[in-house]
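S.K.: Next comes the structure file final_24.cif, holding mmCIF, C-alpha atoms.
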```cif
data_run
loop_
_atom_site.label_atom_id
_atom_site.label_comp_id
_atom_site.auth_asym_id
_atom_site.auth_seq_id
_atom_site.Cartn_x
_atom_site.Cartn_y
_atom_site.Cartn_z
CA MET A 699 3.15 0.33 -17.73
CA ALA A 700 -0.16 1.19 -16.14
CA LEU A 701 -2.77 -1.49 -15.67
CA ILE A 702 -6.46 -0.79 -16.28
CA PRO A 703 -8.40 -0.72 -13.01
CA THR A 704 -11.01 -3.45 -12.80
CA GLY A 705 -14.43 -2.31 -13.98
CA TRP A 706 -17.33 -1.62 -11.64
CA GLN A 707 -20.38 -3.86 -11.62
CA THR A 708 -23.65 -3.49 -9.76
CA VAL A 709 -24.08 -4.91 -6.26
CA GLY A 710 -27.36 -6.35 -7.54
CA PRO A 711 -30.44 -7.18 -5.46
CA TYR A 712 -28.71 -9.78 -3.30
CA LEU A 713 -25.99 -7.59 -1.83
CA HIS A 714 -27.20 -8.52 1.65
CA ILE A 715 -25.74 -12.00 1.34
CA GLY A 716 -22.22 -10.73 1.04
CA LEU A 717 -22.16 -7.34 2.66
CA THR A 718 -24.47 -6.88 5.65
CA TRP A 719 -22.26 -8.98 7.94
CA LEU A 720 -20.12 -5.85 8.13
CA ASN A 721 -22.99 -3.47 8.88
CA THR A 722 -21.81 -0.76 11.24
CA THR A 723 -24.37 1.81 12.34
CA LYS A 724 -22.90 2.91 15.66
CA LEU A 725 -19.56 4.48 14.86
CA ALA A 726 -18.80 5.99 18.27
CA GLY A 727 -18.04 4.04 21.43
CA GLU A 728 -18.12 5.26 25.01
CA ALA A 729 -14.52 6.37 24.82
CA THR A 730 -14.98 8.35 21.60
CA LYS A 731 -14.57 12.11 21.92
CA GLY A 732 -17.03 14.58 20.47
CA GLU A 733 -20.63 15.61 20.03
CA ARG A 734 -22.96 12.64 19.57
CA ILE A 735 -25.14 12.99 16.52
CA ALA A 736 -27.22 10.77 14.28
CA VAL A 737 -27.50 11.10 10.53
CA GLU A 738 -30.48 9.55 8.87
CA GLY A 739 -32.23 9.74 5.57
CA ARG A 740 -33.86 7.89 2.73
CA LEU A 741 -32.70 6.92 -0.73
CA PHE A 742 -35.12 7.73 -3.59
CA ASP A 743 -35.13 6.76 -7.27
CA GLY A 744 -36.23 8.77 -10.30
CA ASP A 745 -39.91 8.17 -9.57
CA GLY A 746 -39.48 9.44 -6.04
CA ALA A 747 -39.95 5.86 -4.85
CA PRO A 748 -37.80 4.59 -1.98
CA VAL A 749 -34.90 2.32 -2.90
CA PRO A 750 -35.19 -0.69 -0.58
CA ASP A 751 -32.25 -2.59 -2.06
CA GLY A 752 -29.42 -0.14 -1.67
CA MET A 753 -26.50 0.19 0.69
CA ILE A 754 -24.90 3.27 2.20
CA GLU A 755 -21.33 3.54 3.42
CA ILE A 756 -19.83 6.53 5.21
CA TRP A 757 -16.29 7.62 6.02
CA GLN A 758 -15.41 10.48 8.32
CA ALA A 759 -12.79 12.08 10.53
CA ASN A 760 -13.09 12.18 14.30
CA ALA A 761 -14.20 15.19 16.32
CA ASP A 762 -10.72 16.73 16.06
CA GLY A 763 -10.68 16.40 12.30
CA ARG A 764 -8.28 13.48 12.16
CA TYR A 765 -8.74 10.33 10.10
CA ASN A 766 -7.92 6.89 11.48
CA HIS A 767 -5.45 6.25 8.67
CA PRO A 768 -1.64 6.40 8.33
CA ASP A 769 -1.80 8.96 5.52
CA ASP A 770 -3.24 11.47 7.97
CA THR A 771 -0.02 12.95 9.33
CA GLN A 772 -1.57 15.99 10.99
CA ALA A 773 -0.18 16.90 14.39
CA LYS A 774 -3.35 15.80 16.13
CA PRO A 775 -3.57 12.77 18.41
CA ARG A 776 -4.76 9.51 16.84
CA GLU A 777 -7.95 8.20 18.36
CA ALA A 778 -8.08 4.43 18.49
CA ALA A 779 -11.65 4.58 19.79
CA PHE A 780 -12.94 5.91 16.49
CA PHE A 781 -12.59 4.08 13.16
CA GLY A 782 -14.85 6.36 11.13
CA PHE A 783 -16.53 3.79 8.87
CA GLY A 784 -20.22 3.01 8.64
CA ARG A 785 -22.22 0.66 6.44
CA VAL A 786 -25.91 -0.21 6.34
CA ASP A 787 -28.33 -1.61 3.78
CA THR A 788 -31.40 0.53 3.15
CA ASP A 789 -34.67 -0.64 4.71
CA LYS A 790 -38.04 -1.13 3.01
CA GLN A 791 -38.63 2.63 3.09
CA GLY A 792 -35.20 3.30 1.61
CA GLY A 793 -34.09 4.46 5.05
CA PHE A 794 -30.68 4.45 6.71
CA ARG A 795 -29.37 5.77 10.02
CA PHE A 796 -25.94 6.11 11.60
CA GLU A 797 -25.05 7.15 15.13
CA THR A 798 -21.71 8.87 15.24
CA VAL A 799 -19.88 12.02 16.33
CA LYS A 800 -19.76 15.25 14.41
CA PRO A 801 -16.47 15.30 12.49
CA GLY A 802 -13.99 18.13 12.91
CA ARG A 803 -12.49 20.18 10.12
CA VAL A 804 -9.78 18.62 7.97
CA PRO A 805 -7.36 20.30 5.55
CA GLY A 806 -8.42 21.00 1.98
CA PRO A 807 -6.32 21.80 -1.08
CA GLY A 808 -3.67 24.46 -0.56
CA ASN A 809 -3.96 26.07 2.81
CA THR A 810 -7.72 25.77 3.03
CA LEU A 811 -9.77 24.05 5.69
CA GLN A 812 -12.78 21.98 4.78
CA ALA A 813 -16.04 22.36 6.64
CA PRO A 814 -17.09 19.32 8.69
CA HIS A 815 -18.29 16.64 6.29
CA ILE A 816 -18.87 12.94 5.85
CA LEU A 817 -18.08 11.04 2.65
CA VAL A 818 -21.01 8.97 1.46
CA SER A 819 -20.99 6.02 -0.97
CA VAL A 820 -24.26 4.76 -2.43
CA PHE A 821 -24.54 1.25 -3.87
CA LEU A 822 -27.71 -0.17 -5.39
CA ARG A 823 -29.26 -2.59 -7.79
CA GLY A 824 -29.91 -0.76 -11.03
CA GLN A 825 -26.64 1.14 -10.91
CA LEU A 826 -23.40 -0.29 -12.26
CA ARG A 827 -21.18 1.98 -10.20
CA ARG A 828 -20.87 3.54 -6.81
CA LEU A 829 -22.35 7.00 -6.41
CA VAL A 830 -20.28 9.33 -4.24
CA THR A 831 -21.59 12.34 -2.39
CA ARG A 832 -20.74 14.39 0.70
CA LEU A 833 -22.84 15.21 3.72
CA TYR A 834 -22.35 18.68 5.20
CA PHE A 835 -24.14 20.20 8.19
CA ALA A 836 -26.61 22.95 7.34
CA ASP A 837 -26.03 24.77 10.65
CA GLU A 838 -22.25 24.93 10.22
CA ALA A 839 -20.88 28.44 9.73
CA SER A 840 -17.72 27.21 7.97
CA ASN A 841 -19.65 25.82 4.98
CA GLY A 842 -19.09 29.15 3.25
CA ASP A 843 -15.32 28.53 3.28
CA ASP A 844 -15.43 24.96 2.07
CA PRO A 845 -13.45 24.45 -1.15
CA ILE A 846 -15.49 21.44 -2.29
CA LEU A 847 -18.90 22.98 -1.66
CA ALA A 848 -17.63 25.95 -3.65
CA LEU A 849 -17.34 23.66 -6.70
CA VAL A 850 -21.14 23.41 -6.71
CA GLU A 851 -22.14 26.71 -8.28
CA ASP A 852 -25.92 26.53 -8.02
CA PRO A 853 -27.03 27.28 -4.43
CA ALA A 854 -30.10 25.07 -4.86
CA ARG A 855 -27.89 22.15 -5.82
CA ARG A 856 -25.50 22.90 -2.96
CA ARG A 857 -28.42 22.56 -0.57
CA THR A 858 -28.79 18.89 -1.54
CA LEU A 859 -25.53 18.29 0.35
CA LEU A 860 -26.68 19.94 3.58
CA ALA A 861 -28.04 17.72 6.33
CA VAL A 862 -30.62 19.58 8.39
CA ARG A 863 -30.84 19.16 12.15
CA ASP A 864 -34.24 18.15 13.50
CA PRO A 865 -35.32 20.84 15.98
CA GLY A 866 -34.63 19.80 19.55
CA SER A 867 -32.65 16.69 18.65
CA ALA A 868 -29.18 15.64 17.61
CA THR A 869 -30.40 14.01 14.42
CA TYR A 870 -29.45 15.37 11.03
CA ARG A 871 -31.62 14.46 8.06
CA PHE A 872 -29.94 13.71 4.73
CA ASP A 873 -32.08 12.31 1.94
CA ILE A 874 -30.40 11.13 -1.24
CA ARG A 875 -32.29 11.62 -4.49
CA LEU A 876 -30.94 9.91 -7.60
CA GLN A 877 -32.98 12.11 -9.94
CA GLY A 878 -35.62 14.84 -9.92
CA GLU A 879 -35.75 18.49 -9.00
CA ALA A 880 -33.72 17.99 -5.83
CA GLU A 881 -31.29 15.50 -7.39
CA THR A 882 -28.36 15.07 -5.03
CA VAL A 883 -24.99 16.34 -6.20
CA PHE A 884 -22.72 13.39 -6.92
CA PHE A 885 -18.97 13.63 -7.15
CA GLU A 886 -16.26 11.94 -9.18
CA VAL A 887 -13.30 10.86 -7.09
CA MET B 1292 0.60 19.01 6.40
CA PRO B 1293 1.31 19.30 2.65
CA ASP B 1294 -1.42 18.39 0.16
CA PRO B 1295 -1.69 14.62 0.00
CA ILE B 1296 -0.66 12.79 -3.14
CA GLY B 1297 -3.86 11.97 -4.99
CA TYR B 1298 -4.87 8.97 -7.03
CA ARG B 1299 -4.91 8.79 -10.80
CA ARG B 1300 -8.14 9.98 -12.32
CA GLU B 1301 -10.31 7.46 -14.06
CA VAL B 1302 -9.18 6.69 -17.62
CA PRO B 1303 -12.09 7.43 -20.00
CA GLY B 1304 -13.59 4.33 -21.56
CA THR B 1305 -12.57 1.93 -18.80
CA GLN B 1306 -15.59 2.11 -16.47
CA PRO B 1307 -19.34 1.76 -17.09
CA PRO B 1308 -21.48 4.86 -17.56
CA TYR B 1309 -24.02 5.63 -14.84
CA LEU B 1310 -26.85 5.45 -17.37
CA HIS B 1311 -26.72 2.22 -19.38
CA PRO B 1312 -30.23 1.76 -20.83
CA ASP B 1313 -29.62 -1.86 -21.87
CA TYR B 1314 -29.64 -2.50 -18.12
CA LYS B 1315 -33.13 -1.12 -17.70
CA SER B 1316 -33.08 -0.32 -14.00
CA THR B 1317 -30.35 2.26 -14.56
CA VAL B 1318 -32.90 4.54 -16.26
CA LYS B 1319 -34.51 5.54 -12.97
CA ARG B 1320 -31.46 4.98 -10.85
CA SER B 1321 -28.79 7.12 -12.51
CA PRO B 1322 -28.01 10.77 -11.90
CA THR B 1323 -29.19 13.00 -14.75
CA LYS B 1324 -26.80 15.82 -13.93
CA ALA B 1325 -23.07 15.70 -14.51
CA THR B 1326 -20.95 14.53 -11.62
CA ILE B 1327 -18.43 17.02 -10.23
CA ALA B 1328 -14.78 15.99 -10.03
CA VAL B 1329 -13.33 16.66 -6.59
CA PRO B 1330 -9.65 17.02 -5.82
CA HIS B 1331 -8.29 14.19 -3.70
CA THR B 1332 -8.13 15.74 -0.26
CA LEU B 1333 -7.23 14.00 2.96
CA SER B 1334 -10.84 12.75 3.03
CA GLU B 1335 -10.44 10.85 -0.25
CA VAL B 1336 -6.91 9.51 0.19
CA THR B 1337 -7.78 8.00 3.54
CA GLY B 1338 -10.38 5.28 4.03
CA PRO B 1339 -11.27 2.35 6.27
CA LEU B 1340 -8.33 -0.02 6.49
CA TRP B 1341 -10.06 -3.36 6.82
CA THR B 1342 -6.99 -5.33 7.74
CA LYS B 1343 -6.76 -8.87 9.03
CA GLU B 1344 -6.32 -7.51 12.53
CA ARG B 1345 -9.54 -5.51 12.29
CA VAL B 1346 -11.58 -8.11 10.42
CA GLY B 1347 -10.72 -10.92 12.82
CA SER B 1348 -11.78 -14.31 11.50
CA ILE B 1349 -11.91 -15.12 7.82
CA ALA B 1350 -14.37 -17.26 5.85
CA ASP B 1351 -12.56 -18.27 2.69
CA ASP B 1352 -13.99 -21.78 2.20
CA LEU B 1353 -17.66 -21.56 1.24
CA THR B 1354 -17.97 -25.34 1.05
CA VAL B 1355 -17.52 -26.03 4.76
CA GLN B 1356 -19.92 -23.53 6.31
CA ASP B 1357 -22.75 -25.98 6.92
CA LYS B 1358 -23.34 -29.54 8.12
CA GLU B 1359 -22.93 -31.21 4.75
CA ARG B 1360 -21.03 -30.31 1.62
CA PRO B 1361 -22.92 -28.17 -0.90
CA LEU B 1362 -23.90 -29.58 -4.29
CA GLY B 1363 -22.08 -28.51 -7.40
CA GLU B 1364 -18.62 -28.31 -8.86
CA ARG B 1365 -16.05 -27.33 -6.24
CA ILE B 1366 -13.62 -24.68 -7.49
CA VAL B 1367 -10.76 -22.53 -6.29
CA VAL B 1368 -11.08 -18.81 -7.05
CA ALA B 1369 -7.86 -16.95 -6.38
CA GLY B 1370 -5.80 -14.07 -7.62
CA ARG B 1371 -3.83 -10.99 -6.76
CA VAL B 1372 -5.07 -7.54 -5.82
CA MET B 1373 -2.83 -4.87 -7.35
CA ASP B 1374 -2.76 -1.16 -7.99
CA GLU B 1375 -2.41 0.44 -11.41
CA ASP B 1376 1.36 0.06 -11.26
CA GLY B 1377 1.06 -3.66 -10.63
CA ARG B 1378 2.10 -3.29 -7.00
CA PRO B 1379 0.39 -5.76 -4.68
CA VAL B 1380 -2.25 -4.46 -2.27
CA PRO B 1381 -1.60 -6.45 0.90
CA ASN B 1382 -3.80 -6.91 3.96
CA THR B 1383 -7.07 -5.69 2.46
CA LEU B 1384 -10.52 -7.18 2.81
CA VAL B 1385 -12.10 -9.10 -0.09
CA GLU B 1386 -15.83 -9.84 0.30
CA LEU B 1387 -17.56 -12.30 -2.01
CA TRP B 1388 -21.11 -13.50 -2.62
CA GLN B 1389 -22.83 -15.67 -5.21
CA CYS B 1390 -25.72 -17.98 -6.03
CA ASN B 1391 -25.54 -21.76 -5.72
CA ALA B 1392 -24.82 -24.33 -8.41
CA SER B 1393 -28.47 -24.24 -9.53
CA GLY B 1394 -28.50 -20.50 -10.05
CA ARG B 1395 -30.43 -19.63 -6.89
CA TYR B 1396 -29.42 -17.10 -4.25
CA HIS B 1397 -29.90 -17.77 -0.57
CA HIS B 1398 -32.04 -14.64 -0.34
CA PRO B 1399 -35.77 -14.01 0.20
CA VAL B 1400 -36.03 -11.80 -2.90
CA ASP B 1401 -34.81 -14.58 -5.20
CA GLN B 1402 -37.89 -16.58 -6.23
CA HIS B 1403 -36.30 -18.28 -9.23
CA ASP B 1404 -37.72 -21.80 -9.58
CA ALA B 1405 -34.44 -23.58 -8.91
CA PRO B 1406 -33.56 -25.45 -5.75
CA LEU B 1407 -31.97 -23.84 -2.74
CA ASP B 1408 -29.06 -25.75 -1.24
CA PRO B 1409 -29.34 -25.97 2.56
CA ASN B 1410 -25.58 -26.34 2.68
CA PHE B 1411 -24.67 -23.28 0.68
CA THR B 1412 -25.09 -19.67 1.75
CA GLY B 1413 -22.74 -18.22 -0.86
CA ARG B 1414 -20.94 -15.71 1.33
CA GLY B 1415 -17.27 -15.41 2.15
CA HIS B 1416 -14.49 -13.00 2.98
CA ALA B 1417 -10.73 -13.09 3.06
CA VAL B 1418 -7.85 -10.70 3.52
CA THR B 1419 -5.02 -10.46 1.00
CA ASP B 1420 -1.60 -11.68 2.14
CA GLY B 1421 1.71 -9.85 1.89
CA ASN B 1422 1.79 -10.41 -1.88
CA GLY B 1423 -1.74 -9.11 -2.37
CA ASP B 1424 -2.98 -12.66 -2.97
CA TYR B 1425 -6.37 -14.04 -1.92
CA ARG B 1426 -7.86 -17.51 -2.32
CA PHE B 1427 -11.36 -18.89 -1.91
CA VAL B 1428 -12.80 -22.37 -2.22
CA THR B 1429 -16.40 -22.33 -3.43
CA ILE B 1430 -18.90 -23.88 -5.82
CA LYS B 1431 -19.21 -22.89 -9.45
CA PRO B 1432 -22.33 -20.70 -9.57
CA GLY B 1433 -25.11 -21.39 -12.07
CA ALA B 1434 -26.66 -19.07 -14.62
CA TYR B 1435 -30.13 -17.73 -13.84
CA PRO B 1436 -32.90 -15.79 -15.58
CA TRP B 1437 -33.70 -12.19 -14.66
CA PRO B 1438 -36.48 -9.84 -15.75
CA ASN B 1439 -34.45 -7.24 -17.68
CA HIS B 1440 -35.77 -8.33 -21.10
CA PHE B 1441 -37.33 -11.40 -22.72
CA ASN B 1442 -35.33 -14.55 -21.98
CA ALA B 1443 -32.59 -12.64 -20.17
CA TRP B 1444 -30.05 -14.80 -18.32
CA ARG B 1445 -27.16 -13.68 -16.18
CA PRO B 1446 -23.93 -15.48 -17.03
CA ALA B 1447 -22.44 -17.34 -14.08
CA HIS B 1448 -20.69 -14.79 -11.88
CA ILE B 1449 -19.32 -14.11 -8.42
CA HIS B 1450 -19.71 -10.71 -6.73
CA PHE B 1451 -16.58 -9.12 -5.24
CA SER B 1452 -16.23 -6.11 -2.94
CA LEU B 1453 -12.88 -4.56 -2.02
CA PHE B 1454 -11.66 -1.55 -0.06
CA GLY B 1455 -7.97 -1.04 -0.78
CA PRO B 1456 -6.00 1.67 1.02
CA SER B 1457 -8.32 4.67 0.52
CA PHE B 1458 -11.83 5.92 -0.13
CA VAL B 1459 -10.91 6.24 -3.82
CA THR B 1460 -9.86 2.60 -4.19
CA ARG B 1461 -13.25 1.13 -3.20
CA LEU B 1462 -14.47 -1.40 -5.78
CA VAL B 1463 -17.50 -3.64 -6.25
CA THR B 1464 -17.35 -5.89 -9.29
CA GLN B 1465 -18.30 -9.28 -10.67
CA MET B 1466 -16.09 -12.14 -11.83
CA PHE B 1467 -17.17 -14.20 -14.83
CA PHE B 1468 -16.04 -17.53 -16.30
CA PRO B 1469 -14.15 -18.02 -19.56
CA GLY B 1470 -16.03 -19.16 -22.64
CA ASP B 1471 -19.50 -18.43 -21.29
CA PRO B 1472 -21.85 -17.88 -24.28
CA LEU B 1473 -24.07 -15.65 -22.13
CA LEU B 1474 -21.36 -13.00 -21.76
CA ALA B 1475 -22.07 -11.49 -25.16
CA LEU B 1476 -25.75 -11.12 -24.23
CA ASP B 1477 -25.41 -9.70 -20.71
CA PRO B 1478 -26.15 -5.96 -20.36
CA ILE B 1479 -24.39 -5.79 -16.99
CA PHE B 1480 -21.12 -7.31 -18.18
CA ASN B 1481 -21.33 -5.25 -21.35
CA GLY B 1482 -21.85 -2.10 -19.28
CA VAL B 1483 -18.07 -2.01 -18.96
CA PRO B 1484 -16.62 -0.78 -22.27
CA ALA B 1485 -14.46 -3.08 -24.37
CA PRO B 1486 -11.68 -4.02 -23.94
CA ALA B 1487 -11.80 -3.34 -20.18
CA ARG B 1488 -14.74 -5.73 -19.80
CA ASP B 1489 -12.53 -8.70 -20.68
CA LEU B 1490 -10.68 -8.10 -17.41
CA LEU B 1491 -13.81 -9.26 -15.57
CA VAL B 1492 -13.43 -12.74 -17.04
CA SER B 1493 -11.38 -15.12 -14.94
CA SER B 1494 -8.97 -17.57 -16.52
CA PHE B 1495 -8.70 -21.30 -15.98
CA ASP B 1496 -5.46 -21.91 -14.09
CA LEU B 1497 -4.12 -25.44 -14.09
CA GLY B 1498 -1.38 -24.53 -11.66
CA MET B 1499 -3.86 -23.54 -8.98
CA THR B 1500 -6.07 -26.60 -9.31
CA VAL B 1501 -6.14 -29.10 -6.45
CA PRO B 1502 -5.71 -32.57 -8.02
CA ASP B 1503 -8.67 -34.87 -7.41
CA THR B 1504 -10.47 -32.02 -5.62
CA ALA B 1505 -11.06 -28.75 -7.42
CA LEU B 1506 -10.49 -26.89 -10.67
CA ALA B 1507 -9.22 -23.32 -10.34
CA TYR B 1508 -9.96 -19.92 -11.82
CA ARG B 1509 -7.65 -16.94 -11.54
CA PHE B 1510 -9.12 -13.48 -11.08
CA ASP B 1511 -6.64 -10.64 -10.61
CA ILE B 1512 -8.09 -7.34 -9.48
CA VAL B 1513 -6.65 -3.89 -10.17
CA LEU B 1514 -7.54 -1.03 -7.84
CA ARG B 1515 -6.92 2.65 -8.52
CA GLY B 1516 -3.29 3.70 -8.04
CA ARG B 1517 -1.48 6.79 -6.81
CA ALA B 1518 -0.81 9.58 -9.25
CA ALA B 1519 2.84 9.75 -8.25
CA THR B 1520 5.11 8.34 -5.62
CA PRO B 1521 6.30 10.49 -2.75
CA THR B 1522 9.77 11.92 -3.23
CA GLY B 1523 12.45 13.40 -1.02
CA ILE B 1524 11.82 11.31 2.05
#
```
Just give me the structure as structure tokens.
M.R.:
Amino acid sequence: MALIPTGWQTVGPYLHIGLTWLNTTKLAGEATKGERIAVEGRLFDGDGAPVPDGMIEIWQANADGRYNHPDDTQAKPREAAFFGFGRVDTDKQGGFRFETVKPGRVPGPGNTLQAPHILVSVFLRGQLRRLVTRLYFADEASNGDDPILALVEDPARRRTLLAVRDPGSATYRFDIRLQGEAETVFFEV
Amino acid sequence: MPDPIGYRREVPGTQPPYLHPDYKSTVKRSPTKATIAVPHTLSEVTGPLWTKERVGSIADDLTVQDKERPLGERIVVAGRVMDEDGRPVPNTLVELWQCNASGRYHHPVDQHDAPLDPNFTGRGHAVTDGNGDYRFVTIKPGAYPWPNHFNAWRPAHIHFSLFGPSFVTRLVTQMFFPGDPLLALDPIFNGVPAPARDLLVSSFDLGMTVPDTALAYRFDIVLRGRAATPTGI
């Protein structure tokens, strides 16, 4: 007999009390392999106003495209120096920033390969559930082969998932818009 | 590697909608376009394993974190973390936060005219044991007003955050107390459809009480479960 999963409730405005002790904004250590990048952005509500009481979590593979998790049984070496998890509460401007490495490609459904991507969870007061999206890299040639991006039919909507590299830096910009013309694509997992 | 075994999809009518106008802030903070269901790839079936080894120290007694004991009714809050098949979820992080006995959060944004307690921060975390069980000692939180509508009061509640074994199993929820007359009036609690919302209400558990010390409330938590079990291995 299947049990009903416990229902989601909002993190509320006081999430900092319980959750920021685990903030993790530097995902890569000295021993971590791969290209150092930063991803940063801002979280906006339906009025285009910044959301200063949200929290962002990310989950990603290492530079070889391997997750630090036992269910990843790919024949690629495990990398103890990379956990792949990030968490930060948004600042007064709705901003967040993570320093990490660019993830490698991981398998998709069937015999496909996914383009490099980072899973993103958004938590905020004023939302009962988690919002889930994916960050892809706008300058990545393999995006055209990605089976999940292909589920987003409208090219304009697909662009909301593409983090754009600031010229001359290793920082990718990824704003998250809850509503509006450039409303971010959110996924159901 | 073969396609990973995914998790069960969400059962309709068991989780809150994104837009729940009775909770007014959702109006500007909910997506207006339909979400897109993604297959559970390796990205979704993996996730941060916040085990005891990785977490390090635990903080499961919220009544001994400061110089003196906090004011209020000391309680035990404990239960089991399971998947949809009732299997325990061992060695997973449980984070918890709450207001004090007067209904005031230890937080600069909370300006409710109720006293702060210098001996209560309202934050804890624990890791489930081999049976999926967790246990906290804390103070029964108070109810407090909030600006959603005229004379709106949140029923007493404790916030919970859990990871489970994958990205899919992540959960943030709230635990409520049995018999609270404010439950029927709370747009957040009622954001979860009936009857699933009743699962957010803890139960008084005489067997878990500590005589002469603390009453106890049981709150079992169910995380998403696998669609099928691996075969042939």
S.K.: Give me the result of the PyMOL selection byres ((chain A) within 6 of (chain B)) on this file, residue by residue, as a ChimeraX atom specification.
M.R.: /A:700-701,703-707,716,743-744,767,772,806,824-825,876-877,884-887
S.K.: Dig up all the protein and nucleic acid residues within 6 Å of (-23.9, 11.6, 19.7) in the file frame, using only C-alpha atoms, and format them as a ChimeraX atom specification.
M.R.: /A:733-735,798-799
S.K.: Please expand the PyMOL selection byres ((chain A and resi 720-731) around 7) into the concrete residues it hits in this file, giving the result as a PDB file with C-alpha atoms, in the coordinates of the input.
M.R.:
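What follows is the written file expr-v4.pdb:
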```
ATOM      1  CA  LEU A 717     -22.160  -7.340   2.660  1.00  0.00           C
ATOM      2  CA  THR A 718     -24.470  -6.880   5.650  1.00  0.00           C
ATOM      3  CA  TRP A 719     -22.260  -8.980   7.940  1.00  0.00           C
ATOM      4  CA  GLY A 732     -17.030  14.580  20.470  1.00  0.00           C
ATOM      5  CA  ALA A 761     -14.200  15.190  16.320  1.00  0.00           C
ATOM      6  CA  ALA A 779     -11.650   4.580  19.790  1.00  0.00           C
ATOM      7  CA  PHE A 780     -12.940   5.910  16.490  1.00  0.00           C
ATOM      8  CA  GLY A 782     -14.850   6.360  11.130  1.00  0.00           C
ATOM      9  CA  PHE A 783     -16.530   3.790   8.870  1.00  0.00           C
ATOM     10  CA  GLY A 784     -20.220   3.010   8.640  1.00  0.00           C
ATOM     11  CA  ARG A 785     -22.220   0.660   6.440  1.00  0.00           C
ATOM     12  CA  VAL A 786     -25.910  -0.210   6.340  1.00  0.00           C
ATOM     13  CA  ARG A 795     -29.370   5.770  10.020  1.00  0.00           C
ATOM     14  CA  PHE A 796     -25.940   6.110  11.600  1.00  0.00           C
ATOM     15  CA  GLU A 797     -25.050   7.150  15.130  1.00  0.00           C
ATOM     16  CA  THR A 798     -21.710   8.870  15.240  1.00  0.00           C
ATOM     17  CA  VAL A 799     -19.880  12.020  16.330  1.00  0.00           C
TER      18      VAL A 799
END
```
S.K.: Set the distance at 9 Å and use all atoms listed in the file: which residues neighbour Asp789 (chain A) once local chain neighbours fewer than 3 positions away are removed? I'd like the list as a VMD selection string.
M.R.: chain A and resid 740 749 to 752 786 792 to 794
S.K.: Suppose a student applies the PyMOL selection byres ((chain A and resi 855-872) around 10) to this structure; what residues should they get, written as a ChimeraX atom specification?
M.R.: /A:733-741,794-797,800,815,831-838,841,847-854,873-875,879-884
S.K.: Using Å and a single decimal, report how far CA of Val1368 (chain B) sits from CA of Arg1426 (chain B).
M.R.: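 Atom-to-atom, CA of Arg1426 (chain B) and CA of Val1368 (chain B) are spaced 5.9 Å apart.
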S.K.: Do you know which residues lie at most 7 Å from (-2.8, -10.1, -4.1), with coordinates as in the file and all atoms listed in the file counted, and could you write them as a ChimeraX atom specification?
M.R.: /B:1370-1373,1379-1381,1419-1420,1422-1425
S.K.: Quick one: pull the distance between CA of Gly746 (chain A) and CA of Phe821 (chain A), Å, one decimal.
M.R.: 17.2 Å
S.K.: Quick one: residues within 7 Å of Pro814 (chain A), all atoms listed in the file, excluding same-chain residues fewer than 6 positions away - as a ChimeraX atom specification?
M.R.: /A:801-803,834
S.K.: How far is it from CA of Ala813 (chain A) to CA of Pro748 (chain A), in Å with one decimal?
M.R.: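 Computing it gives 29.4 Å between the two atoms.
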S.K.: Adding 3 Å on each side of the box along x, y and z that holds all listed atoms of region 775-790 of chain A, could you give its centre and edge lengths in Å to one decimal, as lines of an AutoDock Vina configuration file?
M.R.:
```
center_x = -20.8
center_y = 5.6
center_z = 11.4
size_x = 40.5
size_y = 20.4
size_z = 22.8
```
S.K.: Name the residues in contact with Pro711 (chain A) at a cut-off of 8 Å, using all atoms listed in the file, excluding same-chain residues fewer than 2 positions from it; report them as a PyMOL selection string.
M.R.: (chain A and resi 709+713-714+751+822-823) or (chain B and resi 1400)
S.K.: List the spatial neighbours of Phe1427 (chain B) as an NGL selection string - criterion: any atom at most 9 Å away, all atoms listed in the file, same-chain residues fewer than 3 positions off excluded.
M.R.: :B and (1350-1353 or 1366-1369 or 1415-1417)
S.K.: What would region 738-744 of chain A look like with N, CA and C atoms in place, written as an mmCIF file, in the coordinates of the input?
M.R.:
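To be explicit, this is the file written out as result.cif:
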```cif
data_model
loop_
_atom_site.group_PDB
_atom_site.id
_atom_site.type_symbol
_atom_site.label_atom_id
_atom_site.label_comp_id
_atom_site.auth_asym_id
_atom_site.auth_seq_id
_atom_site.Cartn_x
_atom_site.Cartn_y
_atom_site.Cartn_z
ATOM 1 N N GLU A 738 -29.563 10.513 9.461
ATOM 2 C CA GLU A 738 -30.480 9.550 8.870
ATOM 3 C C GLU A 738 -31.149 10.138 7.649
ATOM 4 N N GLY A 739 -31.609 9.264 6.786
ATOM 5 C CA GLY A 739 -32.230 9.740 5.570
ATOM 6 C C GLY A 739 -32.825 8.584 4.793
ATOM 7 N N ARG A 740 -33.288 8.909 3.607
ATOM 8 C CA ARG A 740 -33.860 7.890 2.730
ATOM 9 C C ARG A 740 -33.273 8.052 1.341
ATOM 10 N N LEU A 741 -33.228 6.944 0.635
ATOM 11 C CA LEU A 741 -32.700 6.920 -0.730
ATOM 12 C C LEU A 741 -33.885 6.772 -1.687
ATOM 13 N N PHE A 742 -33.976 7.707 -2.665
ATOM 14 C CA PHE A 742 -35.120 7.730 -3.590
ATOM 15 C C PHE A 742 -34.650 7.590 -5.040
ATOM 16 N N ASP A 743 -35.455 6.894 -5.848
ATOM 17 C CA ASP A 743 -35.130 6.760 -7.270
ATOM 18 C C ASP A 743 -35.800 7.869 -8.096
ATOM 19 N N GLY A 744 -35.739 7.737 -9.410
ATOM 20 C CA GLY A 744 -36.230 8.770 -10.300
ATOM 21 C C GLY A 744 -37.735 8.973 -10.276
#
```
